[in-house]
file work.pdb (PDB, C-alpha atoms)
ATOM      1  CA  MET S   1     -60.204  39.561 -62.432
ATOM      2  CA  ALA S   2     -63.791  38.431 -61.942
ATOM      3  CA  THR S   3     -62.680  34.798 -62.135
ATOM      4  CA  HIS S   4     -60.034  35.428 -59.446
ATOM      5  CA  LYS S   5     -62.632  37.040 -57.156
ATOM      6  CA  LEU S   6     -65.020  34.143 -57.717
ATOM      7  CA  ALA S   7     -62.304  31.606 -56.887
ATOM      8  CA  SER S   8     -61.379  33.591 -53.773
ATOM      9  CA  THR S   9     -65.017  33.695 -52.668
ATOM     10  CA  ASP S  10     -65.396  29.948 -53.208
ATOM     11  CA  HIS S  11     -62.257  29.315 -51.136
ATOM     12  CA  VAL S  12     -63.614  31.451 -48.276
ATOM     13  CA  ARG S  13     -66.931  29.590 -48.400
ATOM     14  CA  GLU S  14     -65.211  26.195 -48.399
ATOM     15  CA  THR S  15     -63.024  27.225 -45.471
ATOM     16  CA  ALA S  16     -66.002  28.564 -43.515
ATOM     17  CA  ALA S  17     -67.950  25.372 -44.235
ATOM     18  CA  ALA S  18     -65.005  23.245 -43.054
ATOM     19  CA  TYR S  19     -64.767  25.217 -39.806
ATOM     20  CA  ALA S  20     -68.531  24.947 -39.304
ATOM     21  CA  ARG S  21     -68.331  21.178 -39.780
ATOM     22  CA  GLY S  22     -65.508  21.139 -37.267
ATOM     23  CA  VAL S  23     -67.586  22.959 -34.669
ATOM     24  CA  VAL S  24     -70.550  20.629 -35.196
ATOM     25  CA  GLY S  25     -68.367  17.519 -35.080
ATOM     26  CA  GLY S  26     -66.593  18.803 -31.989
ATOM     27  CA  LEU S  27     -69.879  19.408 -30.198
ATOM     28  CA  LEU S  28     -71.243  15.986 -31.159
ATOM     29  CA  VAL S  29     -68.197  14.231 -29.746
ATOM     30  CA  GLY S  30     -67.309  16.567 -26.902
ATOM     31  CA  MET S  31     -70.682  17.444 -25.402
ATOM     32  CA  PRO S  32     -70.866  14.362 -23.116
ATOM     33  CA  THR S  33     -67.517  15.274 -21.559
ATOM     34  CA  LEU S  34     -68.317  18.986 -21.451
ATOM     35  CA  MET S  35     -71.334  18.107 -19.290
ATOM     36  CA  THR S  36     -69.419  15.703 -17.021
ATOM     37  CA  MET S  37     -68.560  16.920 -13.518
ATOM     38  CA  GLU S  38     -65.469  14.722 -13.215
ATOM     39  CA  MET S  39     -64.024  16.434 -16.292
ATOM     40  CA  TRP S  40     -64.563  19.823 -14.656
ATOM     41  CA  TRP S  41     -62.753  18.594 -11.550
ATOM     42  CA  GLY S  42     -59.931  17.348 -13.739
ATOM     43  CA  GLY S  43     -58.896  20.960 -14.234
ATOM     44  CA  PHE S  44     -58.274  21.168 -10.490
ATOM     45  CA  THR S  45     -56.891  17.712  -9.738
ATOM     46  CA  ILE S  46     -54.842  16.589 -12.752
ATOM     47  CA  PRO S  47     -51.234  17.833 -12.689
ATOM     48  CA  SER S  48     -50.355  20.282 -15.453
ATOM     49  CA  ALA S  49     -47.578  17.966 -16.715
ATOM     50  CA  ARG S  50     -50.088  15.175 -17.360
ATOM     51  CA  ILE S  51     -52.462  17.492 -19.189
ATOM     52  CA  LEU S  52     -49.553  18.728 -21.306
ATOM     53  CA  LEU S  53     -48.613  15.128 -22.139
ATOM     54  CA  LEU S  54     -52.229  14.451 -23.099
ATOM     55  CA  VAL S  55     -52.294  17.533 -25.334
ATOM     56  CA  ILE S  56     -49.072  16.452 -27.079
ATOM     57  CA  MET S  57     -50.448  12.952 -27.651
ATOM     58  CA  ASN S  58     -53.713  14.407 -28.914
ATOM     59  CA  PHE S  59     -51.909  16.659 -31.379
ATOM     60  CA  GLY S  60     -50.068  13.650 -32.760
ATOM     61  CA  VAL S  61     -53.384  11.859 -33.243
ATOM     62  CA  LEU S  62     -54.818  14.958 -34.941
ATOM     63  CA  LEU S  63     -51.933  14.935 -37.412
ATOM     64  CA  VAL S  64     -52.661  11.309 -38.251
ATOM     65  CA  LEU S  65     -56.372  11.993 -38.661
ATOM     66  CA  GLN S  66     -55.601  14.892 -40.981
ATOM     67  CA  HIS S  67     -53.552  12.462 -43.046
ATOM     68  CA  PHE S  68     -56.506  10.115 -43.553
ATOM     69  CA  SER S  69     -59.480  12.466 -43.277
ATOM     70  CA  GLY S  70     -59.681  15.855 -41.638
ATOM     71  CA  LEU S  71     -60.881  19.369 -42.253
ATOM     72  CA  HIS S  72     -58.860  20.287 -45.306
ATOM     73  CA  PRO S  73     -58.761  18.653 -48.762
ATOM     74  CA  ARG S  74     -55.078  19.461 -49.349
ATOM     75  CA  LYS S  75     -52.894  16.699 -47.930
ATOM     76  CA  THR S  76     -49.438  18.258 -48.028
ATOM     77  CA  PRO S  77     -47.485  18.098 -44.724
ATOM     78  CA  ALA S  78     -47.832  21.861 -44.214
ATOM     79  CA  ALA S  79     -51.581  21.790 -44.888
ATOM     80  CA  GLN S  80     -52.040  18.835 -42.528
ATOM     81  CA  LEU S  81     -50.091  20.639 -39.792
ATOM     82  CA  ARG S  82     -52.213  23.767 -40.187
ATOM     83  CA  ALA S  83     -55.402  21.701 -40.197
ATOM     84  CA  ALA S  84     -54.363  19.912 -36.985
ATOM     85  CA  ILE S  85     -53.685  23.280 -35.328
ATOM     86  CA  VAL S  86     -57.083  24.546 -36.506
ATOM     87  CA  ALA S  87     -58.818  21.411 -35.182
ATOM     88  CA  TYR S  88     -57.302  21.880 -31.732
ATOM     89  CA  ALA S  89     -58.047  25.612 -31.855
ATOM     90  CA  ILE S  90     -61.686  24.748 -32.554
ATOM     91  CA  GLY S  91     -61.580  22.407 -29.561
ATOM     92  CA  ILE S  92     -60.190  25.166 -27.348
ATOM     93  CA  VAL S  93     -62.682  27.822 -28.467
ATOM     94  CA  VAL S  94     -65.745  25.554 -28.367
ATOM     95  CA  SER S  95     -64.780  24.122 -24.974
ATOM     96  CA  GLY S  96     -64.172  27.579 -23.537
ATOM     97  CA  VAL S  97     -67.506  28.926 -24.744
ATOM     98  CA  ILE S  98     -69.518  25.932 -23.507
ATOM     99  CA  LEU S  99     -67.762  25.849 -20.119
ATOM    100  CA  VAL S 100     -68.542  29.539 -19.619
ATOM    101  CA  VAL S 101     -72.161  29.146 -20.725
ATOM    102  CA  ILE S 102     -72.855  26.217 -18.367
ATOM    103  CA  GLY S 103     -71.083  27.928 -15.466
ATOM    104  CA  ALA S 104     -68.189  25.484 -15.148
ATOM    105  CA  VAL S 105     -65.854  28.459 -15.667
ATOM    106  CA  ARG S 106     -66.723  31.622 -13.750
ATOM    107  CA  ALA S 107     -65.214  35.015 -13.118
ATOM    108  CA  ASP S 108     -63.734  33.826  -9.812
ATOM    109  CA  THR S 109     -62.107  30.695 -11.318
ATOM    110  CA  ILE S 110     -58.329  30.709 -11.010
ATOM    111  CA  PRO S 111     -56.681  31.350 -14.424
ATOM    112  CA  GLY S 112     -54.540  28.216 -14.128
ATOM    113  CA  ASP S 113     -57.620  26.094 -13.506
ATOM    114  CA  ILE S 114     -59.350  27.693 -16.493
ATOM    115  CA  LEU S 115     -56.429  26.832 -18.765
ATOM    116  CA  ARG S 116     -56.261  23.243 -17.529
ATOM    117  CA  LYS S 117     -60.025  22.751 -17.875
ATOM    118  CA  ILE S 118     -60.125  24.104 -21.411
ATOM    119  CA  ALA S 119     -56.988  22.227 -22.489
ATOM    120  CA  LEU S 120     -58.449  18.986 -21.099
ATOM    121  CA  GLN S 121     -61.902  19.458 -22.611
ATOM    122  CA  GLY S 122     -60.394  20.582 -25.902
ATOM    123  CA  VAL S 123     -58.973  17.107 -26.558
ATOM    124  CA  PRO S 124     -62.226  15.212 -27.327
ATOM    125  CA  VAL S 125     -63.759  18.280 -28.990
ATOM    126  CA  SER S 126     -60.752  18.664 -31.305
ATOM    127  CA  LEU S 127     -60.919  14.978 -32.221
ATOM    128  CA  GLY S 128     -64.570  15.401 -33.136
ATOM    129  CA  ALA S 129     -63.714  18.476 -35.187
ATOM    130  CA  SER S 130     -60.987  16.587 -37.018
ATOM    131  CA  ILE S 131     -63.123  13.648 -38.082
ATOM    132  CA  ALA S 132     -66.145  15.801 -38.909
ATOM    133  CA  ALA S 133     -65.227  16.036 -42.593
ATOM    134  CA  SER S 134     -65.382  12.273 -43.014
ATOM    135  CA  GLU S 135     -69.074  12.310 -42.172
ATOM    136  CA  PHE S 136     -70.280  15.771 -43.145
ATOM    137  CA  GLY S 137     -67.813  17.017 -45.735
ATOM    138  CA  ALA S 138     -66.792  16.239 -49.254
ATOM    139  CA  GLU S 139     -64.641  13.187 -49.776
ATOM    140  CA  HIS S 140     -60.907  13.734 -50.156
ATOM    141  CA  GLU S 141     -59.736  11.420 -52.915
ATOM    142  CA  GLU S 142     -56.115  11.279 -51.750
ATOM    143  CA  ALA S 143     -57.121  10.681 -48.129
ATOM    144  CA  LYS S 144     -59.630   8.054 -49.260
ATOM    145  CA  ASP S 145     -56.900   6.280 -51.224
ATOM    146  CA  ARG S 146     -54.605   6.301 -48.172
ATOM    147  CA  LEU S 147     -57.357   4.963 -45.956
ATOM    148  CA  HIS S 148     -58.259   2.125 -48.290
ATOM    149  CA  ARG S 149     -54.815   0.588 -48.399
ATOM    150  CA  PRO S 150     -54.330  -2.648 -46.440
ATOM    151  CA  LEU S 151     -51.848  -1.202 -43.928
ATOM    152  CA  LEU S 152     -51.663  -1.592 -40.156
ATOM    153  CA  PHE S 153     -50.697   2.031 -39.441
ATOM    154  CA  PRO S 154     -54.084   3.551 -40.382
ATOM    155  CA  SER S 155     -55.875   0.999 -38.197
ATOM    156  CA  ALA S 156     -53.696   1.697 -35.161
ATOM    157  CA  ALA S 157     -53.771   5.484 -35.552
ATOM    158  CA  ILE S 158     -57.500   5.721 -36.175
ATOM    159  CA  GLY S 159     -58.043   3.205 -33.380
ATOM    160  CA  VAL S 160     -56.185   5.408 -30.897
ATOM    161  CA  ALA S 161     -58.365   8.373 -31.879
ATOM    162  CA  GLY S 162     -61.588   6.403 -31.450
ATOM    163  CA  ALA S 163     -60.389   4.927 -28.171
ATOM    164  CA  LEU S 164     -59.584   8.414 -26.864
ATOM    165  CA  ILE S 165     -63.001   9.744 -27.836
ATOM    166  CA  LEU S 166     -64.986   7.070 -26.002
ATOM    167  CA  GLY S 167     -62.340   6.684 -23.311
ATOM    168  CA  PHE S 168     -62.881  10.274 -22.243
ATOM    169  CA  THR S 169     -66.610   9.786 -21.734
ATOM    170  CA  VAL S 170     -66.031   6.988 -19.211
ATOM    171  CA  GLY S 171     -62.406   7.266 -18.111
ATOM    172  CA  ALA S 172     -63.030  10.523 -16.267
ATOM    173  CA  THR S 173     -65.695   8.928 -14.088
ATOM    174  CA  GLU S 174     -65.213   6.724 -11.039
ATOM    175  CA  GLU S 175     -67.119   3.782 -12.484
ATOM    176  CA  PRO S 176     -64.116   1.984 -14.078
ATOM    177  CA  MET S 177     -62.307   2.191 -10.733
ATOM    178  CA  ILE S 178     -65.329   0.859  -8.842
ATOM    179  CA  ILE S 179     -65.900  -1.925 -11.378
ATOM    180  CA  GLY S 180     -62.218  -2.858 -11.393
ATOM    181  CA  GLU S 181     -62.055  -3.117  -7.608
ATOM    182  CA  GLN S 182     -65.080  -5.418  -7.558
ATOM    183  CA  LEU S 183     -64.079  -7.733 -10.398
ATOM    184  CA  ALA S 184     -63.137 -11.352  -9.858
ATOM    185  CA  TRP S 185     -60.880 -13.173 -12.323
ATOM    186  CA  LEU S 186     -63.906 -14.822 -13.964
ATOM    187  CA  HIS S 187     -65.499 -11.444 -14.668
ATOM    188  CA  ALA S 188     -62.188 -10.090 -15.972
ATOM    189  CA  THR S 189     -61.906 -13.056 -18.345
ATOM    190  CA  GLY S 190     -65.433 -12.354 -19.571
ATOM    191  CA  LEU S 191     -64.484  -8.726 -20.300
ATOM    192  CA  VAL S 192     -61.482  -9.867 -22.328
ATOM    193  CA  ILE S 193     -63.589 -12.319 -24.336
ATOM    194  CA  ILE S 194     -66.278  -9.726 -25.085
ATOM    195  CA  SER S 195     -63.664  -7.126 -26.044
ATOM    196  CA  VAL S 196     -61.857  -9.536 -28.385
ATOM    197  CA  VAL S 197     -65.134 -10.615 -30.025
ATOM    198  CA  LEU S 198     -66.089  -6.966 -30.568
ATOM    199  CA  CYS S 199     -62.670  -6.228 -32.018
ATOM    200  CA  LEU S 200     -62.759  -9.186 -34.394
ATOM    201  CA  GLY S 201     -66.368  -8.567 -35.424
ATOM    202  CA  ILE S 202     -66.036  -4.878 -36.211
ATOM    203  CA  SER S 203     -62.606  -5.366 -37.813
ATOM    204  CA  TYR S 204     -64.227  -7.947 -40.093
ATOM    205  CA  ALA S 205     -66.879  -5.409 -41.095
ATOM    206  CA  VAL S 206     -64.198  -2.782 -41.693
ATOM    207  CA  GLY S 207     -62.234  -5.189 -43.860
ATOM    208  CA  ARG S 208     -65.272  -5.874 -46.011
ATOM    209  CA  GLN S 209     -66.281  -2.211 -46.271
ATOM    210  CA  ARG S 210     -62.978  -0.293 -46.284
ATOM    211  CA  LEU S 211     -60.679  -2.731 -48.051
ATOM    212  CA  GLY S 212     -63.199  -4.714 -50.050
ATOM    213  CA  ILE S 213     -61.725  -8.024 -48.891
ATOM    214  CA  ASP S 214     -62.927 -11.146 -47.156
ATOM    215  CA  PRO S 215     -60.739 -11.184 -44.025
ATOM    216  CA  PHE S 216     -61.210 -14.923 -43.643
ATOM    217  CA  GLU S 217     -59.701 -15.652 -47.054
ATOM    218  CA  ARG S 218     -56.385 -17.376 -46.618
ATOM    219  CA  LYS S 219     -54.318 -14.556 -48.137
ATOM    220  CA  TRP S 220     -55.964 -11.946 -45.888
ATOM    221  CA  LEU S 221     -56.411 -13.913 -42.676
ATOM    222  CA  GLY S 222     -52.982 -13.036 -41.274
ATOM    223  CA  PHE S 223     -53.507  -9.309 -41.963
ATOM    224  CA  PHE S 224     -56.978  -9.417 -40.413
ATOM    225  CA  LEU S 225     -55.713 -11.049 -37.233
ATOM    226  CA  ARG S 226     -52.739  -8.674 -36.974
ATOM    227  CA  GLU S 227     -55.000  -5.667 -37.529
ATOM    228  CA  SER S 228     -57.390  -6.867 -34.817
ATOM    229  CA  LEU S 229     -54.518  -7.523 -32.416
ATOM    230  CA  VAL S 230     -52.951  -4.099 -33.038
ATOM    231  CA  THR S 231     -56.302  -2.353 -32.570
ATOM    232  CA  TYR S 232     -56.966  -4.259 -29.349
ATOM    233  CA  ALA S 233     -53.499  -3.458 -28.024
ATOM    234  CA  ALA S 234     -53.974   0.231 -28.867
ATOM    235  CA  ALA S 235     -57.298   0.247 -27.023
ATOM    236  CA  ILE S 236     -55.725  -1.389 -23.956
ATOM    237  CA  LEU S 237     -52.886   1.145 -23.901
ATOM    238  CA  VAL S 238     -55.287   4.069 -24.265
ATOM    239  CA  ALA S 239     -57.424   2.717 -21.404
ATOM    240  CA  ALA S 240     -54.360   2.473 -19.146
ATOM    241  CA  PHE S 241     -53.193   5.933 -20.215
ATOM    242  CA  MET S 242     -56.594   7.498 -19.498
ATOM    243  CA  LEU S 243     -56.817   5.891 -16.065
ATOM    244  CA  TRP S 244     -53.335   7.185 -15.261
ATOM    245  CA  ILE S 245     -54.153  10.683 -16.514
ATOM    246  CA  PHE S 246     -57.207  10.875 -14.262
ATOM    247  CA  GLY S 247     -55.327   9.418 -11.289
ATOM    248  CA  ARG S 248     -57.302   6.168 -11.102
ATOM    249  CA  ILE S 249     -54.162   4.026 -11.241
ATOM    250  CA  SER S 250     -50.659   4.795 -10.016
ATOM    251  CA  VAL S 251     -47.576   3.014  -8.717
ATOM    252  CA  GLU S 252     -49.386   2.565  -5.402
ATOM    253  CA  THR S 253     -52.297   0.718  -7.025
ATOM    254  CA  GLY S 254     -52.208  -3.050  -6.655
ATOM    255  CA  LEU S 255     -51.515  -5.048  -9.801
ATOM    256  CA  ALA S 256     -54.813  -6.960  -9.845
ATOM    257  CA  PRO S 257     -57.048  -3.881  -9.274
ATOM    258  CA  ALA S 258     -55.075  -1.910 -11.890
ATOM    259  CA  VAL S 259     -55.399  -4.674 -14.487
ATOM    260  CA  HIS S 260     -59.108  -5.039 -13.749
ATOM    261  CA  MET S 261     -59.662  -1.284 -14.108
ATOM    262  CA  VAL S 262     -57.878  -1.292 -17.440
ATOM    263  CA  LEU S 263     -59.930  -4.255 -18.658
ATOM    264  CA  ALA S 264     -63.149  -2.556 -17.548
ATOM    265  CA  LEU S 265     -62.355   0.659 -19.413
ATOM    266  CA  SER S 266     -60.934  -1.241 -22.399
ATOM    267  CA  LEU S 267     -64.404  -2.590 -23.122
ATOM    268  CA  VAL S 268     -65.263   1.012 -24.000
ATOM    269  CA  THR S 269     -62.003   1.921 -25.728
ATOM    270  CA  VAL S 270     -62.084  -1.235 -27.880
ATOM    271  CA  LEU S 271     -65.542  -0.264 -29.076
ATOM    272  CA  GLY S 272     -64.309   3.249 -29.860
ATOM    273  CA  ALA S 273     -61.137   2.039 -31.552
ATOM    274  CA  THR S 274     -62.917  -0.371 -33.867
ATOM    275  CA  ALA S 275     -66.017   1.764 -34.511
ATOM    276  CA  ALA S 276     -63.847   4.747 -35.497
ATOM    277  CA  GLU S 277     -62.703   2.879 -38.587
ATOM    278  CA  LEU S 278     -66.312   2.357 -39.632
ATOM    279  CA  ILE S 279     -67.005   6.067 -39.148
ATOM    280  CA  LEU S 280     -64.105   7.053 -41.380
ATOM    281  CA  THR S 281     -64.849   4.587 -44.153
TER     282      THR S 281
END

call {"tool": "encode", "arguments": {"input": "work.pdb", "output": "structure tokens"}}
result
Amino acid sequence: MATHKLASTDHVRETAAAYARGVVGGLLVGMPTLMTMEMWWGGFTIPSARILLLVIMNFGVLLVLQHFSGLHPRKTPAAQLRAAIVAYAIGIVVSGVILVVIGAVRADTIPGDILRKIALQGVPVSLGASIAASEFGAEHEEAKDRLHRPLLFPSAAIGVAGALILGFTVGATEEPMIIGEQLAWLHATGLVIISVVLCLGISYAVGRQRLGIDPFERKWLGFFLRESLVTYAAAILVAAFMLWIFGRISVETGLAPAVHMVLALSLVTVLGATAAELILT
């Protein structure tokens, strides 16, 4: 009986510690967006359907992150689903509290706007909560084994999460739109070159650290290049998605300005996509 009580107490402590790590990780990642005026306005200006699409995409990313890291050591499908729900719940609660404290949500705010603001802000906070265990928690042996396999899926999934995290901090602002409208083709080419170099460089470091391989060895070179290409493509798609969510690009936007905006923001999302793998290793 005493042993059962002790085990129950330990489980409660572990759960509380995991939630606490989630809150801290969520604040570390989400605070820049929680303090960004354009994100507050997003609750007024972004259509509800787009925010819902973003939430659905985010939940899919949370499920993937729970598979490779996450808040909970058990890696069964049911446990991963519950952990993803908890991570987003942490994002919702933390975002709501902070928005109230800083006055971005007030008593006279329309309920629909409150829901959209919190749902929008909850995305980066929940991502931070989900990856918190990889930095602050105990290692999960099964998740570590999954992460250290030479597969493209972990790279793409983790890359999308990292791209979303950094993409939110810049994508909500007007700067990518301003930069994109001012870019000439030479500048755009320079952005592509810098982004590709960053992707290759950090992917090389990830290969050495996470997989324990030399990516430039003949047997690994093809995998290394494919992994870098997939990560870069994921970062580009996330940049375009973020710009569309925040209304920076649409069907009325000219092709050249739209491409330039995406390339400008992709410099940030590429960094997030590649650096996220280093964080989780």

call {"tool": "closest_residue", "arguments": {"input": "work.pdb", "among": "S:Gly190, S:Gly91, S:Pro77, S:Gly272", "to": "Thr169 of chain S", "atoms": "only C-alpha atoms"}}
result
S:Gly272

call {"tool": "closest_residue", "arguments": {"input": "work.pdb", "among": "S:Cys199, S:Val262, S:Leu186, S:Val105", "to": "Ile118 of chain S", "atoms": "only C-alpha atoms"}}
result
S:Val105

call {"tool": "residues_around", "arguments": {"input": "work.pdb", "residues": "Gly128 of chain S", "least_positions_apart": "6", "cutoff": "6 Å", "atoms": "all atoms listed in the file", "output": "list in words"}}
result
Gly25, Gly26 and Val29 of chain S

call {"tool": "atom_distance", "arguments": {"input": "work.pdb", "atom1": "atom CA of Ala258 of chain S", "atom2": "atom CA of Leu62 of chain S"}}
result
28.6 Å

call {"tool": "atom_distance", "arguments": {"input": "work.pdb", "atom1": "atom CA of Lys117 of chain S", "atom2": "atom CA of Phe44 of chain S"}}
result
7.8 Å

call {"tool": "build_atoms", "arguments": {"input": "work.pdb", "residues": "segment 245-264 of chain S", "atoms": "N, CA and C atoms", "output": "mmCIF file, in the frame of the given file"}}
result
data_model
loop_
_atom_site.group_PDB
_atom_site.id
_atom_site.type_symbol
_atom_site.label_atom_id
_atom_site.label_comp_id
_atom_site.auth_asym_id
_atom_site.auth_seq_id
_atom_site.Cartn_x
_atom_site.Cartn_y
_atom_site.Cartn_z
ATOM 1 N N ILE S 245 -53.952 9.238 -16.401
ATOM 2 C CA ILE S 245 -54.153 10.683 -16.514
ATOM 3 C C ILE S 245 -55.107 11.183 -15.435
ATOM 4 N N PHE S 246 -56.195 10.447 -15.226
ATOM 5 C CA PHE S 246 -57.207 10.875 -14.262
ATOM 6 C C PHE S 246 -56.920 10.384 -12.840
ATOM 7 N N GLY S 247 -55.744 9.796 -12.634
ATOM 8 C CA GLY S 247 -55.327 9.418 -11.289
ATOM 9 C C GLY S 247 -56.020 8.199 -10.726
ATOM 10 N N ARG S 248 -56.616 7.374 -11.584
ATOM 11 C CA ARG S 248 -57.302 6.168 -11.102
ATOM 12 C C ARG S 248 -56.308 5.049 -10.786
ATOM 13 N N ILE S 249 -55.209 5.010 -11.535
ATOM 14 C CA ILE S 249 -54.162 4.026 -11.241
ATOM 15 C C ILE S 249 -52.832 4.759 -11.092
ATOM 16 N N SER S 250 -51.979 4.223 -10.260
ATOM 17 C CA SER S 250 -50.659 4.795 -10.016
ATOM 18 C C SER S 250 -49.739 3.675 -9.547
ATOM 19 N N VAL S 251 -48.526 4.033 -9.174
ATOM 20 C CA VAL S 251 -47.576 3.014 -8.717
ATOM 21 C C VAL S 251 -48.035 2.390 -7.402
ATOM 22 N N GLU S 252 -48.888 3.112 -6.665
ATOM 23 C CA GLU S 252 -49.386 2.565 -5.402
ATOM 24 C C GLU S 252 -50.551 1.594 -5.582
ATOM 25 N N THR S 253 -51.160 1.600 -6.774
ATOM 26 C CA THR S 253 -52.297 0.718 -7.025
ATOM 27 C C THR S 253 -51.821 -0.729 -7.152
ATOM 28 N N GLY S 254 -52.544 -1.633 -6.539
ATOM 29 C CA GLY S 254 -52.208 -3.050 -6.655
ATOM 30 C C GLY S 254 -52.315 -3.527 -8.086
ATOM 31 N N LEU S 255 -51.546 -4.567 -8.425
ATOM 32 C CA LEU S 255 -51.515 -5.048 -9.801
ATOM 33 C C LEU S 255 -52.877 -5.550 -10.261
ATOM 34 N N ALA S 256 -53.524 -6.394 -9.438
ATOM 35 C CA ALA S 256 -54.813 -6.960 -9.845
ATOM 36 C C ALA S 256 -55.883 -5.877 -10.030
ATOM 37 N N PRO S 257 -56.065 -4.947 -9.059
ATOM 38 C CA PRO S 257 -57.048 -3.881 -9.274
ATOM 39 C C PRO S 257 -56.737 -3.027 -10.502
ATOM 40 N N ALA S 258 -55.451 -2.725 -10.731
ATOM 41 C CA ALA S 258 -55.075 -1.910 -11.890
ATOM 42 C C ALA S 258 -55.422 -2.615 -13.197
ATOM 43 N N VAL S 259 -55.088 -3.906 -13.274
ATOM 44 C CA VAL S 259 -55.399 -4.674 -14.487
ATOM 45 C C VAL S 259 -56.904 -4.735 -14.703
ATOM 46 N N HIS S 260 -57.654 -4.949 -13.629
ATOM 47 C CA HIS S 260 -59.108 -5.039 -13.749
ATOM 48 C C HIS S 260 -59.715 -3.707 -14.183
ATOM 49 N N MET S 261 -59.172 -2.597 -13.686
ATOM 50 C CA MET S 261 -59.662 -1.284 -14.108
ATOM 51 C C MET S 261 -59.409 -1.071 -15.596
ATOM 52 N N VAL S 262 -58.214 -1.448 -16.028
ATOM 53 C CA VAL S 262 -57.878 -1.292 -17.440
ATOM 54 C C VAL S 262 -58.792 -2.143 -18.309
ATOM 55 N N LEU S 263 -59.049 -3.376 -17.883
ATOM 56 C CA LEU S 263 -59.930 -4.255 -18.658
ATOM 57 C C LEU S 263 -61.357 -3.717 -18.697
ATOM 58 N N ALA S 264 -61.794 -3.130 -17.588
ATOM 59 C CA ALA S 264 -63.149 -2.556 -17.548
ATOM 60 C C ALA S 264 -63.266 -1.396 -18.526
#
